[in-house]
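Notes follow the structure.
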Amino acid sequence: MVNILLLYSTNYGLSKRICEKIQASLCAGGQQAQVEPLVGHAADPRSFDAIVIGASIKHGKHHPSVLEFIRANQPLLESKPSALFSVNLVARKPAKNTPQTNPYLKRFLARCPWQPKLLGVFAGELDYSRYGPLDKHMMRFVMWINKGPTDFSTKVQFTDWDEVERFAGRVAAFASGQPV
């Protein structure tokens, strides 16, 4: 039985919820999986057979701790099956919802010393009620430019949970040594 570590970096909790969905799918398929925050995790990544990192975007960037963790653990990540997924609002657009077309993931990978064999991209959620005054207006401007919802009462999740389930299946196969 393969034991998989699911690490997350999140701003409002969606990356964690995606990791928990992946965990549920893996466990239903007979795998073991543990969900931990990327910063302050208690688990020793070396004790797992595979590692998945999930990271969300804020102000156009992944949190710096994601790249710091990768740099500090690059040999470990390269020595075992490991994957990365990004959560961002631009992925709500069909032309930007794959690892090959998502600008945030592509920009991150261009700076990243680790090139994971398995990548995922999931659309985020828009909830103006969670944002402070500055972020609320910044998000509204970004949504206006990108023809997204601009009403401050908007609360919408764009995540395709079926795609998360498919990604979990790819993680299970990859962690078990099957080709991606």
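In the structure tokens, chains take letters A, B, ... by order of appearance, with residues numbered from 1 within each chain and ligands from 1 in the order shown.
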
What are the closest atom pairs, with distances in Å to one decimal, for each residue of range 53-128 of chain A lying within 10 Å of range 154-178 of chain A, using only C-alpha atoms, rows by chain and rising residue number, as a tab-separated table?
residue	atom	partner	partner_atom	distance
A:Lys80	CA	A:Ala175	CA	8.3
A:Pro81	CA	A:Ala175	CA	5.5
A:Ser82	CA	A:Ala175	CA	7.7
A:Ala83	CA	A:Val171	CA	7.6
A:Phe85	CA	A:Phe167	CA	9.3
A:Val87	CA	A:Thr159	CA	8.6
A:Asn88	CA	A:Thr159	CA	9.3
A:Leu89	CA	A:Phe158	CA	7.6
A:Val90	CA	A:Phe158	CA	9.8
A:Ala91	CA	A:Phe158	CA	8.4
A:Arg92	CA	A:Phe158	CA	5.9
A:Lys93	CA	A:Phe158	CA	9.4
A:Lys117	CA	A:Phe174	CA	9.0
A:Leu118	CA	A:Val171	CA	7.7
A:Leu119	CA	A:Phe167	CA	8.7
A:Gly120	CA	A:Phe167	CA	6.9
A:Val121	CA	A:Val164	CA	8.9
A:Phe122	CA	A:Thr159	CA	5.9
A:Ala123	CA	A:Thr159	CA	4.7
A:Gly124	CA	A:Thr159	CA	5.6
A:Glu125	CA	A:Gln157	CA	4.1
A:Leu126	CA	A:Val156	CA	5.3
A:Asp127	CA	A:Lys155	CA	4.2
A:Tyr128	CA	A:Thr154	CA	6.2

Using 12 Å as the limit and counting only C-alpha atoms, can you tabulate each residue of range 51-158 of chain A that touches range 28-37 of chain A, with its shortest atom-to-atom distance in Å and the two atoms involved, as JSON lines?
{"residue": "A:Ile51", "atom": "CA", "partner": "A:Ala33", "partner_atom": "CA", "distance": 9.5}
{"residue": "A:Val52", "atom": "CA", "partner": "A:Val35", "partner_atom": "CA", "distance": 9.5}
{"residue": "A:Ile53", "atom": "CA", "partner": "A:Pro37", "partner_atom": "CA", "distance": 9.5}
{"residue": "A:Gly54", "atom": "CA", "partner": "A:Pro37", "partner_atom": "CA", "distance": 9.5}
{"residue": "A:Ala55", "atom": "CA", "partner": "A:Pro37", "partner_atom": "CA", "distance": 10.2}
{"residue": "A:Ser65", "atom": "CA", "partner": "A:Pro37", "partner_atom": "CA", "distance": 10.9}
{"residue": "A:Val66", "atom": "CA", "partner": "A:Pro37", "partner_atom": "CA", "distance": 10.7}
{"residue": "A:Phe69", "atom": "CA", "partner": "A:Pro37", "partner_atom": "CA", "distance": 11.5}

Export of the given selection (N, CA and C atoms) as a PDB file, in the first residue's frame:
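Generated file (out-v5.pdb):
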ATOM      1  N   ILE A  51       4.684  12.432  -2.781  1.00  0.00           N
ATOM      2  CA  ILE A  51       4.352  13.750  -2.226  1.00  0.00           C
ATOM      3  C   ILE A  51       3.608  14.559  -3.280  1.00  0.00           C
ATOM      4  N   VAL A  52       2.527  15.205  -2.853  1.00  0.00           N
ATOM      5  CA  VAL A  52       1.767  16.113  -3.703  1.00  0.00           C
ATOM      6  C   VAL A  52       1.739  17.469  -3.007  1.00  0.00           C
ATOM      7  N   ILE A  53       2.046  18.521  -3.756  1.00  0.00           N
ATOM      8  CA  ILE A  53       1.986  19.886  -3.230  1.00  0.00           C
ATOM      9  C   ILE A  53       0.874  20.625  -3.957  1.00  0.00           C
ATOM     10  N   GLY A  54      -0.017  21.230  -3.188  1.00  0.00           N
ATOM     11  CA  GLY A  54      -1.084  22.050  -3.747  1.00  0.00           C
ATOM     12  C   GLY A  54      -0.923  23.473  -3.261  1.00  0.00           C
ATOM     13  N   ALA A  55      -0.973  24.432  -4.186  1.00  0.00           N
ATOM     14  CA  ALA A  55      -0.721  25.827  -3.819  1.00  0.00           C
ATOM     15  C   ALA A  55      -1.667  26.765  -4.558  1.00  0.00           C
ATOM     16  N   SER A  65       6.657  30.482   0.375  1.00  0.00           N
ATOM     17  CA  SER A  65       7.000  29.247   1.101  1.00  0.00           C
ATOM     18  C   SER A  65       6.955  28.015   0.197  1.00  0.00           C
ATOM     19  N   VAL A  66       6.182  28.077  -0.885  1.00  0.00           N
ATOM     20  CA  VAL A  66       6.098  26.929  -1.794  1.00  0.00           C
ATOM     21  C   VAL A  66       7.455  26.712  -2.461  1.00  0.00           C
ATOM     22  N   PHE A  69      10.088  25.582   0.122  1.00  0.00           N
ATOM     23  CA  PHE A  69       9.986  24.162   0.444  1.00  0.00           C
ATOM     24  C   PHE A  69      10.593  23.319  -0.682  1.00  0.00           C
TER      25      PHE A  69
END

Determine, counting only C-alpha atoms, which protein, DNA and RNA residues have an atom within 10 Å of an atom of Asn11 in chain A; residues of the same chain fewer than 5 positions away are not included. Present the result as a ChimeraX atom specification. /A:16,55-58,62-63

Residues just named, written with N, CA and C atoms as an mmCIF file, in the first residue's frame:
data_model
loop_
_atom_site.group_PDB
_atom_site.id
_atom_site.type_symbol
_atom_site.label_atom_id
_atom_site.label_comp_id
_atom_site.auth_asym_id
_atom_site.auth_seq_id
_atom_site.Cartn_x
_atom_site.Cartn_y
_atom_site.Cartn_z
ATOM 1 N N LYS A 16 -6.564 23.333 0.648
ATOM 2 C CA LYS A 16 -6.719 22.296 1.673
ATOM 3 C C LYS A 16 -7.918 21.408 1.345
ATOM 4 N N ALA A 55 -0.973 24.432 -4.186
ATOM 5 C CA ALA A 55 -0.721 25.827 -3.819
ATOM 6 C C ALA A 55 -1.667 26.765 -4.558
ATOM 7 N N SER A 56 -2.188 27.721 -3.812
ATOM 8 C CA SER A 56 -3.098 28.696 -4.410
ATOM 9 C C SER A 56 -2.361 29.992 -4.751
ATOM 10 N N ILE A 57 -3.037 30.794 -5.523
ATOM 11 C CA ILE A 57 -2.503 32.077 -5.994
ATOM 12 C C ILE A 57 -3.146 33.218 -5.210
ATOM 13 N N LYS A 58 -2.330 34.193 -4.862
ATOM 14 C CA LYS A 58 -2.844 35.455 -4.316
ATOM 15 C C LYS A 58 -1.992 36.564 -4.901
ATOM 16 N N HIS A 62 2.164 32.391 -6.228
ATOM 17 C CA HIS A 62 2.088 31.394 -5.170
ATOM 18 C C HIS A 62 2.841 31.965 -3.968
ATOM 19 N N HIS A 63 2.496 31.508 -2.793
ATOM 20 C CA HIS A 63 3.176 31.980 -1.587
ATOM 21 C C HIS A 63 4.666 31.611 -1.678
#

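CA of Pro149 in chain A to CA of Leu109 in chain A spans 28.7 Å [interatomic distance, one decimal].
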
Could you pull out the strand (DSSP E) residues of range 35-121 of chain A from DSSP and send them as a compact mmCIF listing (two decimals) with N, CA and C atoms, in the first residue's frame?
# COMPACT_ATOMS: atom_id res chain seq x y z
N VAL A 35 -3.03 14.67 4.87
CA VAL A 35 -3.09 16.08 4.49
C VAL A 35 -2.43 16.91 5.57
N GLU A 36 -1.49 17.77 5.17
CA GLU A 36 -0.76 18.63 6.10
C GLU A 36 -0.54 20.00 5.46
N PRO A 37 -0.44 21.06 6.28
CA PRO A 37 -0.07 22.36 5.72
C PRO A 37 1.40 22.33 5.29
N ALA A 50 5.14 9.01 -1.77
CA ALA A 50 4.88 10.02 -2.79
C ALA A 50 4.45 11.31 -2.10
N ILE A 51 4.68 12.43 -2.78
CA ILE A 51 4.35 13.75 -2.23
C ILE A 51 3.61 14.56 -3.28
N VAL A 52 2.53 15.20 -2.85
CA VAL A 52 1.77 16.11 -3.70
C VAL A 52 1.74 17.47 -3.01
N ILE A 53 2.05 18.52 -3.76
CA ILE A 53 1.99 19.89 -3.23
C ILE A 53 0.87 20.62 -3.96
N GLY A 54 -0.02 21.23 -3.19
CA GLY A 54 -1.08 22.05 -3.75
C GLY A 54 -0.92 23.47 -3.26
N ALA A 55 -0.97 24.43 -4.19
CA ALA A 55 -0.72 25.83 -3.82
C ALA A 55 -1.67 26.77 -4.56
N SER A 56 -2.19 27.72 -3.81
CA SER A 56 -3.10 28.70 -4.41
C SER A 56 -2.36 29.99 -4.75
N ILE A 57 -3.04 30.79 -5.52
CA ILE A 57 -2.50 32.08 -5.99
C ILE A 57 -3.15 33.22 -5.21
N LYS A 58 -2.33 34.19 -4.86
CA LYS A 58 -2.84 35.45 -4.32
C LYS A 58 -1.99 36.56 -4.90
N LYS A 61 0.59 35.38 -7.51
CA LYS A 61 1.76 34.56 -7.18
C LYS A 61 1.40 33.48 -6.16
N HIS A 62 2.16 32.39 -6.23
CA HIS A 62 2.09 31.39 -5.17
C HIS A 62 2.84 31.96 -3.97
N SER A 82 6.27 12.56 -7.21
CA SER A 82 5.82 13.80 -6.60
C SER A 82 5.07 14.62 -7.65
N ALA A 83 4.13 15.40 -7.17
CA ALA A 83 3.26 16.16 -8.07
C ALA A 83 3.00 17.54 -7.49
N LEU A 84 2.50 18.42 -8.35
CA LEU A 84 2.18 19.79 -7.97
C LEU A 84 0.88 20.19 -8.64
N PHE A 85 0.02 20.87 -7.88
CA PHE A 85 -1.14 21.49 -8.51
C PHE A 85 -1.28 22.92 -8.03
N SER A 86 -1.83 23.74 -8.92
CA SER A 86 -2.05 25.16 -8.65
C SER A 86 -3.55 25.44 -8.65
N VAL A 87 -3.96 26.32 -7.75
CA VAL A 87 -5.36 26.74 -7.66
C VAL A 87 -5.40 28.24 -7.94
N ASN A 88 -6.14 28.62 -8.98
CA ASN A 88 -6.23 30.04 -9.32
C ASN A 88 -7.50 30.34 -10.11
N LEU A 118 4.01 15.09 -12.66
CA LEU A 118 2.55 15.17 -12.65
C LEU A 118 2.14 16.56 -12.18
N LEU A 119 1.35 17.23 -13.00
CA LEU A 119 0.89 18.59 -12.73
C LEU A 119 -0.62 18.68 -12.83
N GLY A 120 -1.20 19.59 -12.06
CA GLY A 120 -2.63 19.84 -12.13
C GLY A 120 -2.92 21.31 -11.95
N VAL A 121 -4.06 21.74 -12.48
CA VAL A 121 -4.53 23.12 -12.32
C VAL A 121 -6.02 23.06 -12.03

If you run DSSP on this backbone, which residues of range 29-172 of chain A come out as alpha helix (DSSP H), and could you give them as number ranges by chain? A: 64-79, 103-111, 133-145, 161-172

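Straight-line separation from CA of Pro116 in chain A to CA of Thr98 in chain A: 14.6 Å.
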
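For the pair CA of Ala42 in chain A and CA of Ile18 in chain A, the interatomic distance is 19.4 Å.
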
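Taking only C-alpha atoms into account, Asp49 in chain A lies nearest to A:Leu76 out of the set A:Leu76, A:Cys19, A:Pro64, A:Ala95.
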
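Of the listed residues A:Leu7, A:Leu14, A:Ala24, A:Leu134, the one whose atoms come nearest to His41 in chain A is A:Leu7, with distances taken using only C-alpha atoms.
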
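Remark: for Ser129 in chain A, the closest of the candidate residues A:Leu67, A:Gly60, A:Lys21, A:Tyr12 is A:Tyr12 (distances computed over only C-alpha atoms).
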